[in-house]
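Enquirer: What follows is run-v1.txt, made up of compact mmCIF, C-alpha atoms:
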```
# COMPACT_ATOMS: atom_id res chain seq x y z
CA MET A 1 18.51 -25.82 -8.80
CA THR A 2 15.61 -23.39 -8.31
CA ALA A 3 15.83 -19.89 -6.93
CA ALA A 4 14.59 -19.39 -3.38
CA LEU A 5 11.14 -17.87 -3.17
CA PRO A 6 10.89 -14.50 -1.45
CA THR A 7 9.64 -14.61 2.12
CA PRO A 8 6.28 -13.03 2.94
CA ALA A 9 8.16 -10.28 4.80
CA ASP A 10 10.29 -9.56 1.72
CA LEU A 11 7.19 -9.49 -0.47
CA ALA A 12 5.40 -7.14 1.92
CA PHE A 13 8.42 -4.79 1.99
CA GLU A 14 8.93 -4.78 -1.78
CA LEU A 15 5.28 -4.53 -2.84
CA ALA A 16 3.95 -2.13 -0.19
CA PRO A 17 1.96 0.71 -1.79
CA VAL A 18 3.89 3.28 0.28
CA GLY A 19 7.58 4.08 0.36
CA LEU A 20 9.51 2.03 2.91
CA LEU A 21 13.02 2.87 4.00
CA VAL A 22 15.60 1.47 6.41
CA THR A 23 18.36 3.87 7.46
CA ARG A 24 21.48 3.67 9.60
CA ASP A 25 22.72 7.04 10.83
CA ARG A 26 20.54 8.69 8.14
CA VAL A 27 22.17 6.67 5.36
CA ILE A 28 19.87 4.59 3.16
CA GLU A 29 20.42 0.90 3.78
CA ARG A 30 17.34 -0.45 2.01
CA CYS A 31 14.26 0.92 0.26
CA ASN A 32 11.37 -0.51 -1.68
CA ARG A 33 10.22 0.19 -5.26
CA ALA A 34 7.55 2.65 -4.16
CA PHE A 35 10.11 4.75 -2.27
CA ALA A 36 12.60 4.82 -5.14
CA GLY A 37 9.88 5.66 -7.64
CA MET A 38 8.50 8.44 -5.45
CA PHE A 39 11.84 10.22 -5.63
CA GLY A 40 12.73 9.26 -9.22
CA TYR A 41 15.76 7.10 -8.47
CA SER A 42 16.56 3.42 -8.82
CA ARG A 43 17.11 1.57 -5.58
CA GLN A 44 20.77 1.08 -6.53
CA GLN A 45 21.19 4.87 -6.81
CA LEU A 46 19.79 5.36 -3.30
CA VAL A 47 21.40 2.60 -1.24
CA GLY A 48 24.48 3.93 0.56
CA GLN A 49 23.49 7.58 0.09
CA THR A 50 22.63 10.00 2.86
CA THR A 51 18.98 10.99 3.06
CA GLU A 52 20.06 14.62 2.71
CA MET A 53 19.77 14.24 -1.07
CA LEU A 54 15.97 13.98 -0.62
CA TYR A 55 15.58 17.34 1.13
CA PRO A 56 15.23 20.73 -0.60
CA SER A 57 18.06 22.20 1.49
CA HIS A 58 20.74 21.31 4.02
CA ALA A 59 19.00 23.47 6.63
CA GLU A 60 15.77 21.49 6.25
CA TYR A 61 17.68 18.22 6.51
CA GLU A 62 19.27 19.42 9.78
CA ASP A 63 16.12 21.01 11.25
CA ILE A 64 13.78 18.12 10.47
CA GLY A 65 16.45 15.70 11.69
CA ALA A 66 16.73 17.51 15.02
CA ARG A 67 12.95 17.51 15.48
CA GLY A 68 12.86 13.82 14.57
CA VAL A 69 15.41 12.95 17.24
CA ARG A 70 13.50 14.92 19.87
CA SER A 71 10.17 13.27 19.10
CA MET A 72 11.66 9.76 18.82
CA LEU A 73 13.41 10.17 22.17
CA ALA A 74 10.24 11.52 23.78
CA GLU A 75 7.59 9.36 22.10
CA GLY A 76 9.44 6.52 20.38
CA ILE A 77 8.17 7.60 16.95
CA HIS A 78 8.29 10.62 14.67
CA ARG A 79 5.50 11.74 12.35
CA ASP A 80 5.26 14.82 10.18
CA GLU A 81 4.34 16.18 6.79
CA ARG A 82 7.14 17.85 4.91
CA ILE A 83 8.24 19.01 1.51
CA MET A 84 10.81 16.76 -0.15
CA VAL A 85 12.60 16.98 -3.50
CA HIS A 86 12.32 14.62 -6.48
CA ARG A 87 15.41 13.80 -8.54
CA ASN A 88 14.17 16.22 -11.23
CA GLY A 89 14.07 19.09 -8.71
CA GLU A 90 10.28 19.04 -8.25
CA LEU A 91 9.19 19.76 -4.68
CA PHE A 92 6.40 17.64 -3.24
CA TRP A 93 4.63 17.01 0.05
CA CYS A 94 5.19 13.72 1.92
CA ALA A 95 3.66 12.28 5.06
CA VAL A 96 6.52 10.63 6.95
CA SER A 97 6.59 8.30 9.95
CA GLY A 98 9.72 6.84 11.47
CA GLN A 99 10.51 4.51 14.32
CA PRO A 100 13.95 3.64 15.67
CA VAL A 101 14.96 0.05 16.29
CA ASP A 102 16.50 1.21 19.59
CA PRO A 103 14.54 4.15 21.07
CA ALA A 104 17.65 5.34 22.96
CA GLN A 105 19.53 5.77 19.64
CA PRO A 106 16.96 7.18 17.19
CA TYR A 107 19.09 7.35 14.06
CA ALA A 108 21.35 4.32 14.65
CA CYS A 109 18.80 2.24 12.74
CA ALA A 110 15.30 3.42 11.86
CA ILE A 111 12.37 2.24 9.77
CA TRP A 112 10.51 4.90 7.76
CA VAL A 113 7.23 5.08 5.87
CA PHE A 114 6.74 7.76 3.20
CA GLU A 115 3.40 8.59 1.62
CA ASP A 116 3.43 10.79 -1.49
CA LEU A 117 0.85 13.55 -1.01
CA ARG A 118 1.22 15.04 -4.53
CA PRO A 119 -2.18 13.88 -5.74
CA ARG A 120 -4.01 15.84 -3.05
CA ARG A 121 -1.49 18.50 -2.00
CA PRO A 122 0.50 20.10 -4.80
CA VAL A 123 3.28 22.55 -4.02
CA GLY A 124 1.83 25.54 -5.81
CA MET A 125 4.40 28.24 -5.19
CA ALA A 126 8.10 28.55 -4.49
CA LEU A 127 8.61 28.94 -0.75
CA THR A 128 11.79 29.52 1.19
CA PRO A 129 13.04 26.71 3.44
CA ARG A 130 11.76 28.53 6.55
CA GLU A 131 8.37 29.16 4.87
CA ARG A 132 8.16 25.45 4.07
CA GLU A 133 8.92 24.55 7.70
CA ILE A 134 6.34 26.95 9.04
CA SER A 135 3.78 25.84 6.43
CA ALA A 136 4.17 22.24 7.53
CA GLN A 137 3.68 23.25 11.16
CA ILE A 138 0.59 25.36 10.32
CA LEU A 139 -0.90 22.42 8.43
CA ALA A 140 -0.27 20.24 11.49
CA GLY A 141 -2.52 22.64 13.46
CA ARG A 142 0.26 24.08 15.61
CA THR A 143 -0.03 27.52 17.18
CA SER A 144 2.55 30.26 16.68
CA LYS A 145 3.89 29.62 20.18
CA GLN A 146 4.25 25.89 19.51
CA ILE A 147 5.92 26.53 16.16
CA ALA A 148 8.27 29.06 17.76
CA ARG A 149 9.27 26.56 20.44
CA ASP A 150 9.83 23.74 17.91
CA LEU A 151 11.88 25.92 15.55
CA ALA A 152 13.71 27.94 18.24
CA LEU A 153 12.18 31.21 17.01
CA SER A 154 10.22 33.93 18.72
CA PRO A 155 6.42 33.81 18.35
CA ARG A 156 6.63 37.24 16.71
CA THR A 157 8.99 35.86 14.03
CA VAL A 158 6.56 33.01 13.36
CA GLU A 159 3.73 35.54 13.01
CA THR A 160 5.84 37.53 10.53
CA TYR A 161 6.35 34.41 8.44
CA ARG A 162 2.66 33.53 8.66
CA LEU A 163 1.75 37.01 7.39
CA ARG A 164 4.36 36.72 4.63
CA LEU A 165 2.85 33.39 3.59
CA MET A 166 -0.64 34.89 3.59
CA ARG A 167 0.50 37.72 1.32
CA LYS A 168 2.43 35.37 -0.96
CA LEU A 169 -0.53 33.01 -1.30
CA GLU A 170 -3.07 35.84 -1.39
CA ALA A 171 -4.96 34.49 1.61
CA ARG A 172 -7.06 36.82 3.76
CA THR A 173 -7.54 34.38 6.64
CA VAL A 174 -5.63 31.51 8.18
CA GLY A 175 -8.33 29.18 6.85
CA GLU A 176 -7.65 30.44 3.31
CA LEU A 177 -3.92 30.05 3.91
CA ILE A 178 -4.41 26.42 4.94
CA SER A 179 -6.64 25.84 1.93
CA ARG A 180 -4.01 27.29 -0.43
CA LEU A 181 -1.22 25.30 1.20
CA LEU A 182 -3.29 22.17 0.69
CA GLY A 183 -3.73 23.07 -2.97
CA LEU A 184 -7.48 23.52 -2.68
CA PRO A 185 -9.30 26.15 -4.78
```
Translate the structure described by the file into structure tokens.
Expert:
Amino acid sequence: MTAALPTPADLAFELAPVGLLVTRDRVIERCNRAFAGMFGYSRQQLVGQTTEMLYPSHAEYEDIGARGVRSMLAEGIHRDERIMVHRNGELFWCAVSGQPVDPAQPYACAIWVFEDLRPRRPVGMALTPREREISAQILAGRTSKQIARDLALSPRTVETYRLRLMRKLEARTVGELISRLLGLP
């Protein structure tokens, strides 16, 4: 008796050059090799675990999750760039896209794509969770007012964080700040 050959869909899922993930209520149901490798785990170590283990902090898990629900309810999809954490504690940037199976219940079952941005965007300096959130929003081209609305902060608070980031990264302009956040010289 011969083993059944994998279906083309199974092959595409397993061999995709980006991380692929299926979640139910933010619990990992299935992931491919690229996803497991990106985070330094085996697939067996990830399946059945909450995705919270992949975030630098509980607050970031909650905040990004809330934004994800809002955008999936409004647009049917969520896209962002965020800092995640490798099993060894290393922080790294990821581009993430997610789509729910049922748009009315975004996290009941969702399909996610993760692209590792480490090669072109290193995390050069230790940032606080809020600084990481605001950095991601700045890199997405959002204004202070938009960031404030998304994060339920005042625009003045966002400006304070932006200035703090500029001092921390020794940037004189917002353009320099973006360049430093992207890991460019």
Enquirer: Nearest residue to Ala59 of chain A out of A:Val47, A:Met38, A:Leu151, A:Ala108, using only C-alpha atoms?
Expert: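 The closest residue to Ala59 of chain A is A:Leu151.
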Enquirer: Pick from A:Thr143, A:Gln105, A:Ile64, A:Ile178: nearest to Arg156 of chain A, with all atoms listed in the file counted?
Expert: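 Closest to Arg156 of chain A, using all atoms listed in the file: A:Thr143.
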Enquirer: Using all atoms listed in the file, which residues sit within 12 Å of Ala66 of chain A once same-chain residues fewer than 6 positions away are excluded, as a ChimeraX atom specification?
Expert: /A:26,59-60,72-73,78,106-107,150-152
Enquirer: Within 12 Å of (18.7, 4.6, 18.2), in the coordinates the file gives, what residues turn up when you count only C-alpha atoms, written out as a list in words?
Expert: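 Checking each residue against the 12 Å limit leaves Thr23, Arg24, Asp25, Arg26, Gly68, Val69, Arg70, Met72, Leu73, Gly76, Ile77, Gly98, Gln99, Pro100, Val101, Asp102, Pro103, Ala104, Gln105, Pro106, Tyr107, Ala108, Cys109, Ala110 and Ile111 of chain A.
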Enquirer: How many Å separate atom CA of Ser42 of chain A from atom CA of Leu54 of chain A?
Expert: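 Value for the atom CA of Ser42 of chain A-atom CA of Leu54 of chain A distance: 13.4 Å.
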